[in-house]
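Enquirer: Have a peek at upload-v7.tsv (TSV, C-alpha atoms).
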chain	number	residue	atom	x	y	z
A	1292	MET	CA	50.31	108.75	127.46
A	1293	ALA	CA	50.31	106.28	124.60
A	1294	GLU	CA	53.72	105.11	123.41
A	1295	ARG	CA	54.66	106.51	120.02
A	1296	ASP	CA	55.05	104.14	117.07
A	1297	VAL	CA	58.70	103.43	116.26
A	1298	PHE	CA	59.73	104.10	112.69
A	1299	ARG	CA	61.09	101.02	110.93
A	1300	ALA	CA	63.11	100.49	107.78
A	1301	PRO	CA	60.92	99.96	104.68
A	1302	LYS	CA	60.08	96.42	103.64
A	1303	GLY	CA	62.92	94.85	101.74
A	1304	THR	CA	65.64	96.98	103.33
A	1305	ARG	CA	67.79	96.41	106.38
A	1306	ASP	CA	70.19	98.20	108.67
A	1307	VAL	CA	73.74	96.87	108.97
A	1308	LEU	CA	75.10	97.63	112.44
A	1309	PRO	CA	78.47	97.08	114.14
A	1310	PRO	CA	80.12	94.63	114.40
A	1311	GLU	CA	78.45	93.16	111.27
A	1312	SER	CA	79.27	96.35	109.35
A	1313	ALA	CA	82.98	95.74	110.00
A	1314	ARG	CA	82.57	92.44	108.19
A	1315	TRP	CA	81.14	94.31	105.19
A	1316	GLY	CA	84.10	96.66	105.33
A	1317	GLU	CA	86.52	93.73	105.33
A	1318	LEU	CA	84.80	92.13	102.33
A	1319	VAL	CA	84.89	95.38	100.32
A	1320	ALA	CA	88.51	96.04	101.30
A	1321	ARG	CA	89.57	92.61	100.07
A	1322	PHE	CA	87.68	93.12	96.82
A	1323	ALA	CA	89.22	96.58	96.31
A	1324	ASP	CA	92.70	95.17	96.91
A	1325	ARG	CA	92.22	92.34	94.42
A	1326	ALA	CA	90.68	94.62	91.79
A	1327	ALA	CA	93.61	97.02	92.12
A	1328	ARG	CA	96.07	94.17	91.57
A	1329	PHE	CA	94.27	93.44	88.30
A	1330	GLY	CA	94.49	97.09	87.20
A	1331	TYR	CA	90.90	98.17	87.96
A	1332	GLY	CA	90.13	101.63	89.38
A	1333	LEU	CA	87.09	102.67	91.41
A	1334	VAL	CA	84.13	104.19	89.55
A	1335	VAL	CA	81.20	105.87	91.32
A	1336	THR	CA	78.03	106.51	89.31
A	1337	PRO	CA	74.67	108.04	90.35
A	1338	ILE	CA	72.11	105.94	92.20
A	1339	PHE	CA	69.49	107.18	89.72
A	1340	GLU	CA	69.73	107.66	85.96
A	1341	HIS	CA	67.41	108.55	83.13
A	1342	TYR	CA	64.95	105.70	82.69
A	1343	GLU	CA	66.26	104.89	79.22
A	1344	VAL	CA	69.72	104.02	80.58
A	1345	PHE	CA	68.45	101.15	82.68
A	1346	ALA	CA	65.81	100.16	80.12
A	1347	ARG	CA	68.77	98.97	78.03
A	1348	VAL	CA	69.03	95.88	80.23
A	1349	GLY	CA	65.95	94.65	78.36
A	1350	GLU	CA	62.34	95.80	78.12
A	1351	SER	CA	61.22	92.16	78.20
A	1352	THR	CA	62.99	91.39	81.49
A	1353	ASP	CA	61.19	91.33	84.81
A	1354	VAL	CA	63.78	93.81	86.12
A	1355	VAL	CA	62.55	96.53	83.75
A	1356	SER	CA	58.91	95.57	83.30
A	1357	LYS	CA	58.06	94.69	86.92
A	1358	GLU	CA	60.86	95.42	89.40
A	1359	MET	CA	62.55	98.70	88.52
A	1360	TYR	CA	61.80	101.73	90.70
A	1361	ASP	CA	61.03	104.51	88.20
A	1362	PHE	CA	59.41	107.88	88.80
A	1363	LEU	CA	58.92	111.41	87.48
A	1364	ASP	CA	60.97	114.07	89.23
A	1365	LYS	CA	59.69	117.60	89.89
A	1366	GLY	CA	60.83	118.64	86.44
A	1367	GLY	CA	58.81	115.91	84.76
A	1368	ARG	CA	61.84	113.82	83.82
A	1369	ARG	CA	61.45	110.04	84.01
A	1370	LEU	CA	64.19	108.63	86.22
A	1371	ALA	CA	64.93	105.21	87.70
A	1372	LEU	CA	66.87	103.87	90.67
A	1373	ARG	CA	69.80	101.67	89.69
A	1374	PRO	CA	68.67	97.99	89.38
A	1375	GLU	CA	72.15	96.70	88.42
A	1376	GLY	CA	75.68	98.01	88.03
A	1377	THR	CA	76.60	97.67	84.36
A	1378	ALA	CA	74.27	100.09	82.55
A	1379	GLY	CA	75.27	103.18	84.56
A	1380	THR	CA	78.96	102.37	84.21
A	1381	VAL	CA	78.64	101.97	80.45
A	1382	ARG	CA	76.72	105.26	80.28
A	1383	ALA	CA	79.65	106.92	82.08
A	1384	PHE	CA	82.05	105.40	79.56
A	1385	ALA	CA	79.94	106.61	76.62
A	1386	GLN	CA	79.68	110.11	78.12
A	1387	HIS	CA	83.29	110.68	79.20
A	1388	ARG	CA	85.13	108.58	76.57
A	1389	PRO	CA	88.08	107.42	78.74
A	1390	THR	CA	90.95	105.63	77.04
A	1391	ALA	CA	90.07	102.02	76.27
A	1392	PRO	CA	90.40	99.42	77.56
A	1393	TRP	CA	88.72	101.00	80.58
A	1394	LYS	CA	88.88	98.74	83.64
A	1395	VAL	CA	86.84	99.80	86.68
A	1396	TRP	CA	85.31	98.33	89.82
A	1397	TYR	CA	82.40	99.49	91.97
A	1398	VAL	CA	80.58	98.90	95.23
A	1399	ALA	CA	77.01	100.18	95.20
A	1400	PRO	CA	73.40	99.56	96.24
A	1401	ASN	CA	70.89	98.29	93.68
A	1402	PHE	CA	67.11	98.56	93.93
A	1403	ARG	CA	64.47	96.10	92.75
A	1404	TYR	CA	60.82	95.90	93.69
A	1405	GLU	CA	60.56	92.16	94.27
A	1406	GLN	CA	59.54	89.89	97.10
A	1407	PRO	CA	62.37	90.03	99.66
A	1408	GLN	CA	64.20	86.79	100.32
A	1409	GLU	CA	67.19	85.74	102.37
A	1410	GLY	CA	70.28	87.41	100.99
A	1411	ARG	CA	68.30	89.44	98.44
A	1412	TYR	CA	66.54	92.63	99.45
A	1413	ARG	CA	64.79	95.44	97.61
A	1414	GLN	CA	67.92	97.41	98.34
A	1415	HIS	CA	70.87	95.08	98.00
A	1416	TRP	CA	74.57	95.75	97.56
A	1417	GLN	CA	77.01	94.53	94.95
A	1418	VAL	CA	80.69	94.65	94.18
A	1419	GLY	CA	81.59	94.29	90.53
A	1420	VAL	CA	83.91	95.14	87.67
A	1421	GLU	CA	83.57	96.24	84.05
A	1422	ALA	CA	86.30	95.96	81.39
A	1423	ILE	CA	85.26	98.04	78.38
A	1424	GLY	CA	87.00	98.28	75.01
A	1425	SER	CA	88.49	94.86	74.26
A	1426	ASP	CA	87.11	91.72	72.61
A	1427	ASP	CA	90.12	89.63	73.66
A	1428	PRO	CA	88.92	86.33	75.17
A	1429	ASP	CA	91.80	86.58	77.63
A	1430	ILE	CA	89.96	89.52	79.24
A	1431	ASP	CA	87.03	87.13	79.81
A	1432	VAL	CA	89.45	84.82	81.60
A	1433	GLU	CA	90.86	87.75	83.59
A	1434	VAL	CA	87.53	88.89	85.03
A	1435	ILE	CA	86.53	85.32	85.90
A	1436	ASP	CA	89.91	84.83	87.58
A	1437	LEU	CA	89.42	88.05	89.56
A	1438	LEU	CA	86.08	86.90	90.97
A	1439	HIS	CA	87.20	83.30	91.48
A	1440	GLY	CA	90.19	84.45	93.52
A	1441	PHE	CA	88.08	86.87	95.54
A	1442	TYR	CA	85.88	84.02	96.76
A	1443	ARG	CA	88.99	81.95	97.52
A	1444	ASP	CA	90.50	84.85	99.50
A	1445	LEU	CA	87.34	85.01	101.63
A	1446	GLY	CA	87.80	81.34	102.49
A	1447	LEU	CA	84.96	79.97	100.36
A	1448	ARG	CA	85.63	76.48	99.02
A	1449	GLN	CA	82.19	75.13	98.06
A	1450	VAL	CA	81.89	77.29	94.95
A	1451	ARG	CA	81.13	76.12	91.41
A	1452	LEU	CA	81.72	78.04	88.20
A	1453	LEU	CA	79.26	77.62	85.33
A	1454	VAL	CA	80.11	78.99	81.87
A	1455	ASN	CA	78.31	79.22	78.55
A	1456	SER	CA	78.40	81.23	75.33
A	1457	MET	CA	75.56	83.34	73.98
A	1458	GLY	CA	77.29	83.39	70.59
A	1459	ASP	CA	77.41	86.23	68.09
A	1460	ALA	CA	74.55	87.97	66.26
A	1461	ASP	CA	74.35	85.29	63.55
A	1462	THR	CA	74.30	82.55	66.18
A	1463	ARG	CA	71.50	84.13	68.17
A	1464	GLU	CA	69.39	84.85	65.09
A	1465	ARG	CA	69.48	81.19	64.02
A	1466	TYR	CA	68.93	79.97	67.55
A	1467	ARG	CA	66.10	82.43	68.14
A	1468	ALA	CA	64.07	80.96	65.29
A	1469	VAL	CA	64.62	77.38	66.45
A	1470	LEU	CA	63.84	78.16	70.09
A	1471	LEU	CA	60.74	80.17	69.27
A	1472	ASP	CA	59.33	77.26	67.29
A	1473	TYR	CA	59.93	75.08	70.34
A	1474	TRP	CA	58.14	77.47	72.71
A	1475	ARG	CA	55.18	77.75	70.35
A	1476	ALA	CA	54.91	73.98	70.41
A	1477	HIS	CA	54.62	74.23	74.21
A	1478	ALA	CA	52.13	77.10	74.30
A	1479	ASP	CA	49.90	75.08	76.64
A	1480	VAL	CA	52.66	75.10	79.27
A	1481	LEU	CA	53.72	78.73	78.78
A	1482	GLY	CA	50.20	80.15	78.74
A	1483	ALA	CA	50.21	83.95	78.84
A	1484	GLU	CA	54.02	83.96	79.02
A	1485	LEU	CA	54.19	82.94	75.37
A	1486	ALA	CA	53.98	86.65	74.53
A	1487	ARG	CA	57.19	87.22	76.50
A	1488	ALA	CA	58.80	84.31	74.67
A	1489	GLU	CA	57.89	85.96	71.37
A	1490	GLN	CA	59.77	89.09	72.49
A	1491	ASN	CA	62.85	87.27	73.71
A	1492	PRO	CA	62.81	83.45	73.41
A	1493	MET	CA	65.97	83.01	75.49
A	1494	ARG	CA	64.42	84.74	78.50
A	1495	ILE	CA	62.35	81.59	79.24
A	1496	LEU	CA	65.57	79.59	79.70
A	1497	ASP	CA	66.38	81.72	82.74
A	1498	SER	CA	63.08	80.89	84.50
A	1499	LYS	CA	63.12	79.08	87.84
A	1500	LEU	CA	59.43	78.04	87.74
A	1501	PRO	CA	59.34	74.38	88.85
A	1502	HIS	CA	56.67	73.26	86.39
A	1503	TRP	CA	58.68	74.64	83.44
A	1504	GLN	CA	61.95	72.88	84.23
A	1505	ASP	CA	61.28	69.68	82.29
A	1506	MET	CA	60.27	71.71	79.22
A	1507	ILE	CA	63.36	73.93	79.57
A	1508	GLU	CA	65.64	70.92	79.99
A	1509	ARG	CA	64.47	69.47	76.68
A	1510	ALA	CA	64.73	72.77	74.76
A	1511	PRO	CA	67.25	73.12	71.89
A	1512	GLN	CA	70.71	74.12	73.12
A	1513	LEU	CA	72.46	77.28	72.02
A	1514	ALA	CA	75.81	75.47	71.85
A	1515	GLU	CA	74.47	73.38	68.96
A	1516	HIS	CA	74.06	76.58	66.90
A	1517	LEU	CA	77.31	78.48	67.64
A	1518	SER	CA	78.97	80.01	64.59
A	1519	GLU	CA	82.57	79.07	63.90
A	1520	PRO	CA	83.99	82.36	65.32
A	1521	SER	CA	81.81	82.04	68.43
A	1522	ALA	CA	82.90	78.46	69.02
A	1523	ALA	CA	86.57	79.46	68.64
A	1524	GLN	CA	86.13	82.37	71.09
A	1525	PHE	CA	84.46	80.14	73.67
A	1526	GLU	CA	87.16	77.49	73.30
A	1527	GLN	CA	89.87	80.10	73.95
A	1528	VAL	CA	88.09	81.13	77.17
A	1529	GLN	CA	87.97	77.51	78.30
A	1530	THR	CA	91.64	77.03	77.46
A	1531	GLY	CA	92.56	80.06	79.56
A	1532	LEU	CA	90.56	78.85	82.55
A	1533	ARG	CA	92.17	75.42	82.38
A	1534	ALA	CA	95.63	77.02	82.18
A	1535	LEU	CA	94.89	78.88	85.44
A	1536	GLY	CA	93.61	75.73	87.13
A	1537	ILE	CA	90.08	77.15	87.48
A	1538	SER	CA	87.52	74.35	87.42
A	1539	PHE	CA	84.29	75.00	85.53
A	1540	GLU	CA	81.21	73.33	84.14
A	1541	ILE	CA	79.66	74.12	80.78
A	1542	ALA	CA	76.00	75.00	81.44
A	1543	PRO	CA	74.06	75.05	78.13
A	1544	ARG	CA	70.98	76.63	79.76
A	1545	LEU	CA	72.88	79.51	81.36
A	1546	VAL	CA	71.77	82.77	79.71
A	1547	ARG	CA	71.87	85.24	82.65
A	1548	GLY	CA	69.09	87.73	83.26
A	1549	PHE	CA	69.61	90.70	80.92
A	1550	ASP	CA	69.18	91.20	77.20
A	1551	TYR	CA	72.55	92.89	76.67
A	1552	TYR	CA	74.68	89.75	77.08
A	1553	THR	CA	76.72	88.40	74.16
A	1554	ALA	CA	79.30	85.60	73.88
A	1555	THR	CA	80.74	84.50	77.28
A	1556	VAL	CA	78.38	84.30	80.26
A	1557	PHE	CA	79.24	82.82	83.65
A	1558	GLU	CA	77.85	82.30	87.13
A	1559	PHE	CA	79.36	81.28	90.47
A	1560	GLN	CA	77.16	79.21	92.75
A	1561	GLY	CA	77.67	78.62	96.47
A	1562	ASP	CA	76.85	74.96	97.02
A	1563	ALA	CA	76.79	75.44	100.79
A	1564	LEU	CA	73.67	77.58	100.38
A	1565	GLY	CA	71.64	74.79	98.79
A	1566	GLY	CA	68.37	75.27	96.93
A	1567	ALA	CA	67.71	77.31	93.82
A	1568	GLN	CA	68.86	80.64	95.29
A	1569	ASN	CA	72.56	79.79	95.40
A	1570	ALA	CA	74.03	82.22	92.85
A	1571	ILE	CA	76.61	84.46	94.51
A	1572	GLY	CA	77.94	86.28	91.46
A	1573	GLY	CA	78.18	86.26	87.71
A	1574	GLY	CA	78.24	88.22	84.50
A	1575	GLY	CA	79.38	88.09	80.93
A	1576	ARG	CA	80.07	89.95	77.71
A	1577	TYR	CA	77.93	92.82	76.44
A	1578	ASP	CA	79.66	93.88	73.24
A	1579	ARG	CA	76.97	96.21	71.88
A	1580	LEU	CA	75.82	98.10	74.98
A	1581	ALA	CA	78.27	101.03	74.77
A	1582	GLU	CA	77.19	101.75	71.21
A	1583	GLU	CA	73.53	101.64	72.27
A	1584	MET	CA	74.39	104.28	74.91
A	1585	GLY	CA	75.75	106.61	72.23
A	1586	GLY	CA	79.40	105.67	72.64
A	1587	PRO	CA	81.83	104.17	70.14
A	1588	PRO	CA	81.62	100.42	69.40
A	1589	SER	CA	83.27	98.96	72.51
A	1590	PRO	CA	83.16	95.24	73.31
A	1591	ALA	CA	83.04	94.69	77.06
A	1592	ILE	CA	82.67	92.19	79.88
A	1593	GLY	CA	81.87	92.49	83.58
A	1594	PHE	CA	80.28	90.90	86.62
A	1595	GLY	CA	78.37	91.69	89.78
A	1596	SER	CA	78.46	89.85	93.11
A	1597	GLY	CA	75.87	90.46	95.83
A	1598	ILE	CA	77.41	91.26	99.21
A	1599	GLU	CA	74.49	89.89	101.23
A	1600	ARG	CA	74.44	86.61	99.29
A	1601	VAL	CA	78.22	86.20	99.55
A	1602	LEU	CA	78.08	86.71	103.31
A	1603	LEU	CA	75.38	84.03	103.55
A	1604	ALA	CA	77.75	81.66	101.76
A	1605	CYS	CA	80.49	82.65	104.22
A	1606	ASP	CA	78.14	81.86	107.11
A	1607	ALA	CA	77.29	78.48	105.58
A	1608	GLU	CA	80.98	77.61	105.31
A	1609	GLY	CA	81.97	79.20	108.63
A	1610	VAL	CA	84.42	81.75	107.19
A	1611	LEU	CA	84.86	85.53	107.48
A	1612	PRO	CA	83.21	85.86	110.90
A	1613	ALA	CA	82.24	89.27	112.20
A	1614	PRO	CA	85.25	90.69	114.06
A	1615	ALA	CA	85.07	91.18	117.78
A	1616	ASP	CA	83.86	94.67	118.66
A	1617	ARG	CA	86.90	95.63	120.72
A	1618	VAL	CA	89.40	98.39	121.32
A	1619	ASP	CA	93.13	98.33	122.04
A	1620	VAL	CA	93.13	100.55	125.09
A	1621	PHE	CA	90.52	101.94	127.48
A	1622	VAL	CA	91.10	105.13	129.44
A	1623	ILE	CA	89.99	105.12	133.08
A	1624	ASP	CA	89.49	108.67	134.34
A	1625	ALA	CA	89.79	109.12	138.11
A	1626	VAL	CA	90.56	112.85	137.98
A	1627	GLY	CA	87.66	114.32	136.01
A	1628	THR	CA	89.73	116.84	134.06
A	1629	VAL	CA	90.49	117.40	130.39
A	1630	ASP	CA	93.47	115.03	130.68
A	1631	ALA	CA	91.36	112.06	129.56
A	1632	VAL	CA	90.31	113.87	126.38
A	1633	VAL	CA	93.93	114.74	125.57
A	1634	LEU	CA	95.16	111.20	126.25
A	1635	LEU	CA	92.47	109.66	124.03
A	1636	HIS	CA	93.51	112.01	121.24
A	1637	GLU	CA	97.18	111.01	121.57
A	1638	LEU	CA	96.39	107.28	121.60
A	1639	ARG	CA	94.22	107.52	118.49
A	1640	GLU	CA	96.78	109.64	116.64
A	1641	VAL	CA	99.40	106.86	116.91
A	1642	GLY	CA	96.96	104.38	115.36
A	1643	LEU	CA	95.46	102.79	118.46
A	1644	ARG	CA	91.77	102.07	118.88
A	1645	ALA	CA	90.96	103.86	122.12
A	1646	ASP	CA	87.81	104.64	124.06
A	1647	ARG	CA	86.53	105.64	127.49
A	1648	ALA	CA	83.36	105.38	129.55
A	1649	ALA	CA	80.83	108.16	129.84
A	1650	ALA	CA	81.90	110.95	132.17
A	1651	GLY	CA	80.92	110.72	135.84
A	1652	ARG	CA	81.06	106.92	136.25
A	1653	SER	CA	82.86	105.40	139.19
A	1654	VAL	CA	86.30	103.90	138.65
A	1655	LYS	CA	84.87	100.42	139.27
A	1656	LYS	CA	82.22	100.88	136.57
A	1657	GLN	CA	84.84	102.24	134.18
A	1658	TRP	CA	86.96	99.10	134.61
A	1659	GLY	CA	83.83	97.05	133.94
A	1660	ALA	CA	83.24	99.01	130.75
A	1661	ALA	CA	86.84	98.30	129.71
A	1662	ASP	CA	86.22	94.56	130.10
A	1663	ARG	CA	83.00	94.73	128.07
A	1664	ALA	CA	84.82	96.64	125.33
A	1665	GLY	CA	87.32	93.78	125.06
A	1666	ALA	CA	90.21	96.16	125.63
A	1667	ARG	CA	93.72	94.70	125.76
A	1668	TRP	CA	95.04	97.44	128.04
A	1669	GLY	CA	93.64	99.94	130.50
A	1670	VAL	CA	95.29	103.29	131.28
A	1671	MET	CA	94.19	104.96	134.51
A	1672	LEU	CA	94.57	108.65	135.15
A	1673	ALA	CA	94.85	108.88	138.94
A	1674	PRO	CA	95.59	112.03	140.99
A	1675	THR	CA	98.72	110.79	142.78
A	1676	GLU	CA	100.38	109.31	139.69
A	1677	LEU	CA	99.55	112.34	137.53
A	1678	GLU	CA	101.18	114.65	140.05
A	1679	SER	CA	104.44	112.75	139.53
A	1680	GLY	CA	103.98	112.70	135.73
A	1681	HIS	CA	102.88	109.06	135.45
A	1682	VAL	CA	99.83	106.99	134.51
A	1683	VAL	CA	98.95	103.41	135.43
A	1684	LEU	CA	99.09	100.87	132.57
A	1685	LYS	CA	97.28	97.58	133.17
A	1686	ASP	CA	97.43	94.47	130.97
A	1687	LEU	CA	93.82	93.29	131.13
A	1688	ALA	CA	94.75	89.78	130.00
A	1689	THR	CA	97.31	89.11	132.76
A	1690	GLY	CA	96.34	91.70	135.39
A	1691	GLU	CA	99.91	93.00	135.45
A	1692	GLN	CA	100.22	96.75	135.93
A	1693	LEU	CA	102.98	99.33	136.09
A	1694	GLU	CA	103.56	103.06	136.11
A	1695	VAL	CA	104.62	104.69	132.83
A	1696	ARG	CA	105.71	108.25	132.16
A	1697	ARG	CA	102.68	110.23	130.96
A	1698	GLU	CA	104.41	111.55	127.82
A	1699	ALA	CA	105.56	108.03	126.81
A	1700	ILE	CA	102.32	106.07	127.26
A	1701	ALA	CA	100.99	106.30	123.68
A	1702	ALA	CA	104.27	105.17	122.13
A	1703	ARG	CA	104.64	102.44	124.76
A	1704	ILE	CA	101.26	100.85	124.00
A	1705	ALA	CA	101.80	101.17	120.24
A	1706	THR	CA	105.06	99.26	120.66
A	1707	LEU	CA	103.40	96.60	122.81
A	1708	ARG	CA	100.71	96.05	120.18
A	1709	GLU	CA	103.31	95.49	117.45
A	1710	SER	CA	105.34	93.04	119.56
How does the structure come out when it is put into structure tokens?
Expert:
Amino acid sequence: MAERDVFRAPKGTRDVLPPESARWGELVARFADRAARFGYGLVVTPIFEHYEVFARVGESTDVVSKEMYDFLDKGGRRLALRPEGTAGTVRAFAQHRPTAPWKVWYVAPNFRYEQPQEGRYRQHWQVGVEAIGSDDPDIDVEVIDLLHGFYRDLGLRQVRLLVNSMGDADTRERYRAVLLDYWRAHADVLGAELARAEQNPMRILDSKLPHWQDMIERAPQLAEHLSEPSAAQFEQVQTGLRALGISFEIAPRLVRGFDYYTATVFEFQGDALGGAQNAIGGGGRYDRLAEEMGGPPSPAIGFGSGIERVLLACDAEGVLPAPADRVDVFVIDAVGTVDAVVLLHELREVGLRADRAAAGRSVKKQWGAADRAGARWGVMLAPTELESGHVVLKDLATGEQLEVRREAIAARIATLRES
């Protein structure tokens, strides 16, 4: 009989299995702890929204025009899978009107139909924050500090921070005209992409196409056109970062990938990754997005950081290794009764990681399974000892073993682990 085909995960997705999944859990736990210390609460939004919500990231962007998964549901409504974290969170703010400033964090999958690459999949995960309802430049410093410290807590050291300002509406209007004239003068290089430049001239600055880089490098700089209020806002952000001892570089070409950004934008790059795909997180201000979603005018700032890309940076620097897949105690059952089930329950209830081998294995094979599980202790239920109310406790590191009263074994091992 022919062997059946094995189902596989769709292209651009991947399974995360133990012990690697424990590493993900550790990363998210550290992020949640740091976000809580900064006053951010967890927000959970739908994986799919009405198409128009995510279209707000910019109709001229590749994310919306080429990469977003959108579809009609059975009721004929046009929906889309979440391509990034900000739009859905701002929609939730506009809908529920929580007290501002509203400071939230998230961990969620995003979906983009693009060619998969290392650390970036068609379904990829991000942690991020959004602070909605304040235009204070010190909030810009706060969110950058949150992300900067998160990378430090993971052990990453080869990380660079790039910052820039997108200016205010007056700034961008003046700059748009100057930049568009420049792109038109290079129509032979842009080719068919000139039409995209006409829609949003700054989008070309974000391109990674090698044969455009010289042209982009010589393009007019936004910083040369900042209005006085924009320049003052950006200077206050820089002053705050310096006061916290956070090193940064001003990157005049940094515009990020979405149309909603205003004023401060920033990106963290992992130098250990090398190459062009070294961004591990970033974000910026989006002061008009809440109003576009039907909410009150609410200046805001946030960031997203890709879990897969961050873990690649950790691998490159040799930090945050996957934890050993081990247990504290392994139960060896030589009696074949319900006693093993009861003992496992008691061990787990006092906070110990406990396991056992499949029923019916020989005692020798059970001890072998204990070794493979990396257990620190083994507890054997043997007929003679159980009759006298005892079990055998074995230290698998030293080989030392002793009899312990059955009713005291869970507390005894818990105490040993803490000592």
Enquirer: Could you tell me how far atom CA of Leu1602 of chain A sits from atom CA of Val1432 of chain A, in Å to one decimal place?
Expert: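 Computed distance, atom CA of Val1432 of chain A to atom CA of Leu1602 of chain A, equals 24.6 Å.
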Enquirer: Mind giving me the straight-line distance from atom CA of Thr1553 of chain A to atom CA of Arg1576 of chain A in Å, one decimal?
Expert: 5.1 Å
Enquirer: Kindly indicate which residue among A:Asp1364, A:Glu1409, A:Asp1662, A:Asp1459 lies nearest to Ala1514 of chain A, using only C-alpha atoms for the distances.
Expert: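 Checking each of A:Asp1364, A:Glu1409, A:Asp1662, A:Asp1459 against Ala1514 of chain A, counting only C-alpha atoms, the winner is A:Asp1459.
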Enquirer: When you draw a straight line from atom CA of Leu1471 of chain A to atom CA of Met1493 of chain A, how long is it in Å?
Expert: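 That distance, rounded to one decimal, is 8.6 Å.
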Enquirer: For Met1457 of chain A, find every residue with an atom within 12 Å (counting only C-alpha atoms), except residues of its own chain fewer than 3 positions away, and show them as a tab-separated table (two decimals) with C-alpha atoms, in the coordinates of the input.
Expert:
chain	number	residue	atom	x	y	z
A	1454	VAL	CA	80.11	78.99	81.87
A	1460	ALA	CA	74.55	87.97	66.26
A	1461	ASP	CA	74.35	85.29	63.55
A	1462	THR	CA	74.30	82.55	66.18
A	1463	ARG	CA	71.50	84.13	68.17
A	1464	GLU	CA	69.39	84.85	65.09
A	1465	ARG	CA	69.48	81.19	64.02
A	1466	TYR	CA	68.93	79.97	67.55
A	1467	ARG	CA	66.10	82.43	68.14
A	1493	MET	CA	65.97	83.01	75.49
A	1512	GLN	CA	70.71	74.12	73.12
A	1513	LEU	CA	72.46	77.28	72.02
A	1514	ALA	CA	75.81	75.47	71.85
A	1515	GLU	CA	74.47	73.38	68.96
A	1516	HIS	CA	74.06	76.58	66.90
A	1517	LEU	CA	77.31	78.48	67.64
A	1518	SER	CA	78.97	80.01	64.59
A	1521	SER	CA	81.81	82.04	68.43
A	1522	ALA	CA	82.90	78.46	69.02
A	1524	GLN	CA	86.13	82.37	71.09
A	1525	PHE	CA	84.46	80.14	73.67
A	1542	ALA	CA	76.00	75.00	81.44
A	1543	PRO	CA	74.06	75.05	78.13
A	1544	ARG	CA	70.98	76.63	79.76
A	1545	LEU	CA	72.88	79.51	81.36
A	1546	VAL	CA	71.77	82.77	79.71
A	1547	ARG	CA	71.87	85.24	82.65
A	1549	PHE	CA	69.61	90.70	80.92
A	1550	ASP	CA	69.18	91.20	77.20
A	1551	TYR	CA	72.55	92.89	76.67
A	1552	TYR	CA	74.68	89.75	77.08
A	1553	THR	CA	76.72	88.40	74.16
A	1554	ALA	CA	79.30	85.60	73.88
A	1555	THR	CA	80.74	84.50	77.28
A	1556	VAL	CA	78.38	84.30	80.26
A	1557	PHE	CA	79.24	82.82	83.65
A	1574	GLY	CA	78.24	88.22	84.50
A	1575	GLY	CA	79.38	88.09	80.93
A	1576	ARG	CA	80.07	89.95	77.71
A	1577	TYR	CA	77.93	92.82	76.44
A	1578	ASP	CA	79.66	93.88	73.24
Enquirer: Given the choices A:Arg1413, A:Arg1328, A:Arg1448, A:Arg1403, which gets closest to Ala1604 of chain A if the distance is worked out from all atoms listed in the file?
Expert: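 Checking each candidate against Ala1604 of chain A, we get A:Arg1448 as the closest.
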Enquirer: Would you mind telling me which residue in A:Phe1345, A:Trp1416, A:Phe1559, A:Phe1298 lies nearest to Arg1369 of chain A when using all atoms listed in the file?
Expert: A:Phe1345
Enquirer: In terms of the shortest atom-to-atom distance over only C-alpha atoms, which of A:Val1450, A:Ala1486, A:Val1528, A:Val1355 is closest to Val1601 of chain A?
Expert: A:Val1450
Enquirer: Counting all atoms listed in the file, which residue out of A:Thr1628, A:Ser1456, A:Asn1401, A:Thr1380 sits closest to Thr1336 of chain A?
Expert: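 Among the listed residues, the smallest separation from Thr1336 of chain A belongs to A:Thr1380.
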Enquirer: Could you pull the residues within 8 Å of Ala1378 of chain A, counting all atoms listed in the file, minus those fewer than 4 positions along the same chain, as a ChimeraX atom specification?
Expert: /A:1344-1345,1347-1348,1382,1580
Enquirer: Could you add N, CA and C atoms to segment 1323-1330 of chain A and give me the result as a compact mmCIF listing (two decimals), in the coordinates of the input?
Expert:
# COMPACT_ATOMS: atom_id res chain seq x y z
N ALA A 1323 88.51 95.42 96.85
CA ALA A 1323 89.22 96.58 96.31
C ALA A 1323 90.69 96.25 96.09
N ASP A 1324 91.29 95.53 97.03
CA ASP A 1324 92.70 95.17 96.91
C ASP A 1324 92.92 94.26 95.70
N ARG A 1325 92.05 93.27 95.54
CA ARG A 1325 92.22 92.34 94.42
C ARG A 1325 91.98 93.05 93.08
N ALA A 1326 90.95 93.89 93.02
CA ALA A 1326 90.68 94.62 91.79
C ALA A 1326 91.85 95.51 91.41
N ALA A 1327 92.46 96.16 92.40
CA ALA A 1327 93.61 97.02 92.12
C ALA A 1327 94.78 96.23 91.56
N ARG A 1328 94.98 95.02 92.07
CA ARG A 1328 96.07 94.17 91.57
C ARG A 1328 95.84 93.76 90.12
N PHE A 1329 94.60 93.78 89.68
CA PHE A 1329 94.27 93.44 88.30
C PHE A 1329 94.20 94.69 87.41
N GLY A 1330 94.47 95.86 87.99
CA GLY A 1330 94.49 97.09 87.20
C GLY A 1330 93.17 97.80 87.08
